Every structure is written in structure tokens, then in C-alpha cells.
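Report on the following structure.
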Amino acid sequence: MSLDVAECERARVARDPRYDGRFFTGVRTTGIYCRPVCPVRPARSTNVQFFPSAAAAEIAGFRPCLRCRPETAPFSRAWIGSRATVERAIRLIVEEGALDEKGASVDKLAERLGMGRRQLARLFARHLNASPSAVARTARVQRAKRLIDETDKSMMEIAILAGFGSLRRFNAVFAEIYRRAPTKIRRGRQGHSGRRGQGDRDAQLVGCRGAGLPRR
Ligand SMILES: [Zn+2]
């Protein structure tokens, strides 16, 4: 799928909530990707790149923003339009963990959808700029991130619930995507309400000077 760059840019700068889930913005200077509604001051246009899926942003080397939390973006069907097959495939992967079960494979998923593996891969490449496996990996990380933020479950429990199969695998993938260990993210969560205000103020100050991007 080719995103309309001008349209994405307008939505990003306006923080238009109607576009939430339809695209993600990678900021080259920070290496972070965001939802269109991110509360952090928008980066300069020359430093951003748009992606049709979180998985595509991660494949390109961007890590999820800890402020707008891409894992909480709504599931958006608008951008896939009539491609009901892609939508159904995403639902099976994201909501049912169709590629997480033991013995699961892209072949079997494609078969469930009444098509071949190659055809499914082509559809994913066109609409999401990512493979079914990459979308499944992002879905696992996002499930885990939500459990870290919203529950007090142990990392072992989260690893299994999120579909990683083992704690070792969870730690490795999570560290790759977030560039930090899952336990660090949870520690960062505790008592963050006090720091959040400070962060907003810092962002504004940096923005006022026009001196590039706030640290995240
Ligand atoms: Zn953000």
C-alpha cells in the first residue's frame, strides 16, 4: 500500500485522532515510532517517515514510543478498505494468536483463508509493508507491553500469555524491539506520574527553541 504522504503529514501535525491506527510515524533523529496522536511535539517533516503498520516501522529499525504507546492504537480497517482477507488475517494473528500456537505456520494460516502462502504474503506486503510473521511478532510484543503496563503479572506469565512460548524468547524479542529489558519498562512505569509533567514541559521548552526533538 502506498500511503499518501501529504495526507499523513497533515494528520500527524494536527494530531488527528481519525488517523490513529491507520499509519505510524518513524522519527529518524530519535529512532522512535509514534501514533498520529502522540502528545510529544511533532518532529520536523524532514525527519519523519510513514508506515502502514507498527510491524513495518519495527522492521525499519524504529522502536515504539513510550509516550503514545503504539500498542494501544485502535485496530483500523479504513486503510485496508475492501481487502477483507487482510483484515481477517490480521484478526486471526492479533486476536487469536494464529501464528503463536505450537505447529502454527503461515501455510496453515493461508489455508484457513483459502489462499496460498505466497498470495497471503503479497497481500501483507502491499497493505502492511510487513510479512505475516512480522505482524505476529509485533502483536506478541504489543500484547506483552499491555500486560506489563496494565497488570502485575510476572514476566514468565506475560511471556506465555503474550504467545512467546518461553521467557528467554520474550526477553530477546522485547529487548530487540524496545532496546531495553521488559523489567526496565515496568520499573519505568512506577511513579511515572510525577515525571510525566516534567517531560511535557521539557518537550515544550525544546519545541519553543526549535532546537530539534524532545528526548523520549
Ligand atoms: Zn509517541
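If you're wondering about the labels, chains in the C-alpha cells are A, B, ... by order shown, residues count from 1 in each chain, ligands from 1 in order shown.
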
Using only C-alpha atoms and all ligand atoms, which residues of the polymer chains come no farther than 10 Å from ligand 1? I'd like the answer as a VMD selection string. chain A and resid 24 to 27 32 to 42 64 to 70 216

Store the residues of this selection in a file with N, CA and C atoms, as a PDB file, in the first residue's frame.
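See result36.pdb below for the written result:
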```
ATOM      1  N   PHE A  24       1.744   4.931  11.099  1.00  0.00           N
ATOM      2  CA  PHE A  24       2.656   5.213  12.200  1.00  0.00           C
ATOM      3  C   PHE A  24       3.799   6.062  11.655  1.00  0.00           C
ATOM      4  N   THR A  25       4.317   6.934  12.495  1.00  0.00           N
ATOM      5  CA  THR A  25       5.364   7.847  12.061  1.00  0.00           C
ATOM      6  C   THR A  25       6.695   7.490  12.710  1.00  0.00           C
ATOM      7  N   GLY A  26       7.696   7.227  11.894  1.00  0.00           N
ATOM      8  CA  GLY A  26       9.033   6.987  12.412  1.00  0.00           C
ATOM      9  C   GLY A  26       9.797   8.299  12.392  1.00  0.00           C
ATOM     10  N   VAL A  27      10.483   8.603  13.505  1.00  0.00           N
ATOM     11  CA  VAL A  27      11.282   9.828  13.571  1.00  0.00           C
ATOM     12  C   VAL A  27      12.754   9.444  13.492  1.00  0.00           C
ATOM     13  N   ILE A  32      12.482   6.465  16.999  1.00  0.00           N
ATOM     14  CA  ILE A  32      11.238   6.047  17.656  1.00  0.00           C
ATOM     15  C   ILE A  32      10.066   6.200  16.703  1.00  0.00           C
ATOM     16  N   TYR A  33       9.078   5.301  16.814  1.00  0.00           N
ATOM     17  CA  TYR A  33       7.878   5.497  16.004  1.00  0.00           C
ATOM     18  C   TYR A  33       6.662   5.759  16.886  1.00  0.00           C
ATOM     19  N   CYS A  34       5.726   6.543  16.351  1.00  0.00           N
ATOM     20  CA  CYS A  34       4.603   7.064  17.126  1.00  0.00           C
ATOM     21  C   CYS A  34       3.270   6.889  16.423  1.00  0.00           C
ATOM     22  N   ARG A  35       2.202   7.054  17.218  1.00  0.00           N
ATOM     23  CA  ARG A  35       0.858   7.183  16.651  1.00  0.00           C
ATOM     24  C   ARG A  35       0.679   8.636  16.210  1.00  0.00           C
ATOM     25  N   PRO A  36      -0.297   8.881  15.313  1.00  0.00           N
ATOM     26  CA  PRO A  36      -0.546  10.271  14.906  1.00  0.00           C
ATOM     27  C   PRO A  36      -0.942  11.163  16.092  1.00  0.00           C
ATOM     28  N   VAL A  37      -1.457  10.563  17.156  1.00  0.00           N
ATOM     29  CA  VAL A  37      -1.955  11.350  18.280  1.00  0.00           C
ATOM     30  C   VAL A  37      -0.925  11.532  19.395  1.00  0.00           C
ATOM     31  N   CYS A  38       0.333  11.232  19.119  1.00  0.00           N
ATOM     32  CA  CYS A  38       1.369  11.337  20.159  1.00  0.00           C
ATOM     33  C   CYS A  38       1.369  12.733  20.800  1.00  0.00           C
ATOM     34  N   PRO A  39       1.416  12.782  22.152  1.00  0.00           N
ATOM     35  CA  PRO A  39       1.392  14.083  22.835  1.00  0.00           C
ATOM     36  C   PRO A  39       2.711  14.858  22.720  1.00  0.00           C
ATOM     37  N   VAL A  40       3.762  14.164  22.315  1.00  0.00           N
ATOM     38  CA  VAL A  40       5.049  14.852  22.181  1.00  0.00           C
ATOM     39  C   VAL A  40       4.988  15.780  20.961  1.00  0.00           C
ATOM     40  N   ARG A  41       5.641  16.912  21.071  1.00  0.00           N
ATOM     41  CA  ARG A  41       5.633  17.892  19.979  1.00  0.00           C
ATOM     42  C   ARG A  41       6.081  17.226  18.669  1.00  0.00           C
ATOM     43  N   PRO A  42       5.313  17.386  17.595  1.00  0.00           N
ATOM     44  CA  PRO A  42       5.654  16.719  16.334  1.00  0.00           C
ATOM     45  C   PRO A  42       7.061  17.070  15.836  1.00  0.00           C
ATOM     46  N   PRO A  64       9.080   1.379  19.561  1.00  0.00           N
ATOM     47  CA  PRO A  64       7.806   2.011  19.929  1.00  0.00           C
ATOM     48  C   PRO A  64       7.990   3.139  20.940  1.00  0.00           C
ATOM     49  N   CYS A  65       7.226   4.197  20.756  1.00  0.00           N
ATOM     50  CA  CYS A  65       7.239   5.338  21.671  1.00  0.00           C
ATOM     51  C   CYS A  65       6.657   4.907  23.013  1.00  0.00           C
ATOM     52  N   LEU A  66       7.272   5.352  24.095  1.00  0.00           N
ATOM     53  CA  LEU A  66       6.755   5.013  25.420  1.00  0.00           C
ATOM     54  C   LEU A  66       5.703   6.023  25.881  1.00  0.00           C
ATOM     55  N   ARG A  67       5.517   7.076  25.120  1.00  0.00           N
ATOM     56  CA  ARG A  67       4.516   8.087  25.485  1.00  0.00           C
ATOM     57  C   ARG A  67       3.159   7.799  24.839  1.00  0.00           C
ATOM     58  N   CYS A  68       3.129   7.633  23.503  1.00  0.00           N
ATOM     59  CA  CYS A  68       1.825   7.418  22.851  1.00  0.00           C
ATOM     60  C   CYS A  68       1.469   5.935  22.768  1.00  0.00           C
ATOM     61  N   ARG A  69       2.436   5.066  23.092  1.00  0.00           N
ATOM     62  CA  ARG A  69       2.182   3.632  23.190  1.00  0.00           C
ATOM     63  C   ARG A  69       1.460   3.072  21.957  1.00  0.00           C
ATOM     64  N   PRO A  70       2.206   2.840  20.887  1.00  0.00           N
ATOM     65  CA  PRO A  70       1.593   2.306  19.652  1.00  0.00           C
ATOM     66  C   PRO A  70       0.793   1.030  19.876  1.00  0.00           C
ATOM     67  N   ARG A 216      12.906  11.309  24.419  1.00  0.00           N
ATOM     68  CA  ARG A 216      11.837  10.484  24.921  1.00  0.00           C
ATOM     69  C   ARG A 216      12.410   9.318  25.637  1.00  0.00           C
TER      70      ARG A 216
END
```

Each residue of region 22-78 of chain A lying at most 12 Å from region 93-103 of chain A should get a row with its shortest atom-to-atom pair and the distance in Å to one decimal, counting only C-alpha atoms; could you produce that, ordered by chain and increasing number, as CSV?
```
residue,atom,partner,partner_atom,distance
A:Ala55,CA,A:Val94,CA,11.8
A:Glu71,CA,A:Val94,CA,11.2
A:Phe75,CA,A:Val94,CA,9.8
```

Requested write-out: N, CA and C atoms of the selected residues, as a PDB file, in the first residue's frame:
```pdb
ATOM      1  N   ALA A  55       4.410  -3.056  12.593  1.00  0.00           N
ATOM      2  CA  ALA A  55       5.415  -4.061  12.222  1.00  0.00           C
ATOM      3  C   ALA A  55       6.391  -3.496  11.195  1.00  0.00           C
ATOM      4  N   GLU A  71       1.121   0.278  20.938  1.00  0.00           N
ATOM      5  CA  GLU A  71       0.389  -0.976  21.179  1.00  0.00           C
ATOM      6  C   GLU A  71      -1.057  -0.718  21.593  1.00  0.00           C
ATOM      7  N   PHE A  75      -7.565  -0.801  16.293  1.00  0.00           N
ATOM      8  CA  PHE A  75      -7.498  -1.554  15.049  1.00  0.00           C
ATOM      9  C   PHE A  75      -8.252  -0.755  13.996  1.00  0.00           C
TER      10      PHE A  75
END
```

Quick one: residues within 12 Å of Pro17 (chain A), only C-alpha atoms, excluding same-chain residues fewer than 2 positions away - as a PyMOL selection string? chain A and resi 8+10-15+19-23+35-39+73-74+76

Show me a table, sorted first by chain and then by increasing residue number, of the residues of region 33-99 of chain A having an atom at most 8 Å from region 172-191 of chain A, each with its shortest atom pair and the distance in Å to one decimal, counting only C-alpha atoms and written as a tab-separated table.
```
residue	atom	partner	partner_atom	distance
A:Glu58	CA	A:Ile177	CA	6.9
A:Phe62	CA	A:Ile177	CA	7.9
A:Arg63	CA	A:Tyr178	CA	5.4
A:Pro64	CA	A:Tyr178	CA	6.5
```

What is the CA of Pro52 (chain A) to CA of Asn129 (chain A) distance in Å? 6.7 Å
